[in-house]
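Reading through the structure tokens given below for one structure.
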Amino acid sequence: MRPVRRDEILDYVTYEERRAELQAQVLPAKRARRVHVADVLTFLFENTETVRYQIQEMMRVERIVREQDVQHEIDTYNELLGGPGELGCTLLIELPDAAEREVKLTRWLDLPEHVYLLLEDGERVRASYDPRQVGDTRLSSVQYLKFATGGRAPVAVGCDLADLTAETALSDEQRAALRADLEG
């Protein structure tokens, strides 16, 4: 997947002026790459367009103008993209109740090892993840994952953690979006 380039990033004032238009363009791409599993896991598969949007939003919110800070945002968010034959995604663990969240993020410490993409031939591709987001006693509620599918598009996303077992079949639209991302 092609990384976001500096020449694609608008200054935050210009972005603010065009924000509604640009959001209208990116929201369908984000929707096609969002997969819910078991009502508590949301997988947001990233591509160049979705990452560019995240960079622009961060620049707007934080009023980033210094060139080195802009480049830092680009470099940081580009890490979310999958490499050749790989899909990158952000996993959100959505537990609105604070007490329940604390208990489950402690109990689900090994969750990143239990999420997978299911390929057409039945193979499960496990995620690689950033171990910095898994503490000694608690998991972060946001995880950055990569799935090395060998360029094959998944048909489902799932989790086989002992007390969180679920799988969501991808829609035709989702499969097409991820296939297009893998083809670059």
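Each chain in the structure tokens gets a letter, A, B and so on, in the order shown; residues start at 1 in every chain, and ligands are counted from 1 in the order they appear.
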
Just the alpha helix (DSSP H) stuff from region 40-175 of chain A, please, per backbone DSSP, written as a PyMOL selection string. chain A and resi 48-62+67-78+98-107+172-175

Generate the output file for the selected residues, C-alpha atoms, as a CSV table (one decimal), in the first residue's frame.
```csv
chain,number,residue,atom,x,y,z
A,48,THR,CA,-3.8,5.5,2.0
A,49,GLU,CA,-7.1,7.5,2.0
A,50,THR,CA,-8.1,6.7,5.5
A,51,VAL,CA,-4.6,7.4,6.9
A,52,ARG,CA,-4.4,10.7,5.0
A,53,TYR,CA,-7.7,11.7,6.7
A,54,GLN,CA,-6.4,10.8,10.1
A,55,ILE,CA,-3.3,12.9,9.6
A,56,GLN,CA,-5.4,15.8,8.5
A,57,GLU,CA,-7.6,15.5,11.5
A,58,MET,CA,-4.7,15.4,13.9
A,59,MET,CA,-3.1,18.5,12.3
A,60,ARG,CA,-6.5,20.3,12.6
A,61,VAL,CA,-7.1,19.4,16.2
A,62,GLU,CA,-3.5,20.0,17.3
A,67,GLU,CA,7.3,21.0,9.1
A,68,GLN,CA,9.1,18.5,11.3
A,69,ASP,CA,5.8,18.0,13.3
A,70,VAL,CA,3.8,17.5,10.1
A,71,GLN,CA,6.4,14.9,8.9
A,72,HIS,CA,6.2,13.2,12.3
A,73,GLU,CA,2.5,12.8,11.9
A,74,ILE,CA,2.9,11.4,8.4
A,75,ASP,CA,5.6,8.9,9.5
A,76,THR,CA,3.6,7.8,12.5
A,77,TYR,CA,0.3,7.2,10.7
A,78,ASN,CA,2.0,5.6,7.7
A,98,ALA,CA,-15.2,1.9,32.9
A,99,ALA,CA,-15.3,-0.8,35.6
A,100,GLU,CA,-16.0,-3.5,33.0
A,101,ARG,CA,-13.3,-2.1,30.7
A,102,GLU,CA,-10.7,-2.3,33.5
A,103,VAL,CA,-11.6,-5.9,34.3
A,104,LYS,CA,-11.7,-7.1,30.7
A,105,LEU,CA,-8.6,-5.3,29.5
A,106,THR,CA,-6.8,-7.0,32.3
A,107,ARG,CA,-8.4,-10.4,31.6
A,172,ASP,CA,-19.2,-8.1,-0.7
A,173,GLU,CA,-18.4,-4.4,-0.3
A,174,GLN,CA,-15.9,-5.0,2.5
A,175,ARG,CA,-14.2,-7.9,0.6
```

Contact table region 65-108 of chain A vs region 20-38 of chain A, cut-off 12 Å, shortest pair per residue, only C-alpha atoms, as a tab-separated table:
```
residue	atom	partner	partner_atom	distance
A:Leu87	CA	A:Arg33	CA	10.7
A:Gly88	CA	A:Arg33	CA	10.7
A:Cys89	CA	A:Arg33	CA	9.0
A:Thr90	CA	A:Arg34	CA	9.6
A:Leu91	CA	A:Val35	CA	9.6
A:Leu92	CA	A:His36	CA	9.6
A:Ile93	CA	A:Val37	CA	10.0
A:Glu94	CA	A:His36	CA	10.2
A:Leu95	CA	A:Ala38	CA	11.4
```

Output for the residues just chosen: C-alpha atoms as a short mmCIF file (atom, residue, chain, number, x, y, z; two decimals), in the first residue's frame:
```cif
data_model
loop_
_atom_site.label_atom_id
_atom_site.label_comp_id
_atom_site.auth_asym_id
_atom_site.auth_seq_id
_atom_site.Cartn_x
_atom_site.Cartn_y
_atom_site.Cartn_z
CA LEU A 87 -3.51 -5.50 5.66
CA GLY A 88 -3.05 -2.97 8.46
CA CYS A 89 -5.82 -2.07 10.84
CA THR A 90 -6.70 -0.30 14.03
CA LEU A 91 -8.57 -2.45 16.53
CA LEU A 92 -10.83 -0.61 18.96
CA ILE A 93 -11.93 -2.50 22.05
CA GLU A 94 -15.21 -0.78 22.87
CA LEU A 95 -16.32 -1.25 26.44
#
```

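Distances here use only C-alpha atoms; by that measure, the residue among A:Leu10, A:Thr165, A:Arg5, A:Ser128 closest to Val65 (chain A) is A:Leu10.
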
Let's see if you can do this: from backbone DSSP, list all strand (DSSP E) residues in region 129-174 of chain A, as a compact mmCIF listing (two decimals) with C-alpha atoms, in the first residue's frame.
```
# COMPACT_ATOMS: atom_id res chain seq x y z
CA TYR A 129 0.93 -6.41 16.76
CA VAL A 142 -6.59 0.60 20.90
CA GLN A 143 -4.37 -1.88 19.07
CA TYR A 144 -2.50 -1.53 15.78
CA LEU A 145 -2.44 -4.80 13.89
CA LYS A 146 -1.13 -6.21 10.65
CA PHE A 147 -2.25 -9.35 8.88
CA ALA A 148 0.12 -10.96 6.38
CA PRO A 154 -10.20 -12.26 3.76
CA VAL A 155 -13.79 -13.46 3.91
CA ALA A 156 -14.27 -12.97 7.68
CA VAL A 157 -12.73 -11.42 10.79
CA GLY A 158 -12.78 -13.27 14.06
CA CYS A 159 -11.58 -13.78 17.60
CA ASP A 160 -11.05 -17.08 19.42
CA LEU A 161 -10.21 -15.84 22.91
CA LEU A 164 -14.71 -13.78 23.44
CA THR A 165 -15.34 -16.12 20.53
CA ALA A 166 -17.02 -14.64 17.49
CA GLU A 167 -16.59 -14.26 13.75
CA THR A 168 -18.07 -11.75 11.31
CA ALA A 169 -18.40 -12.57 7.63
```
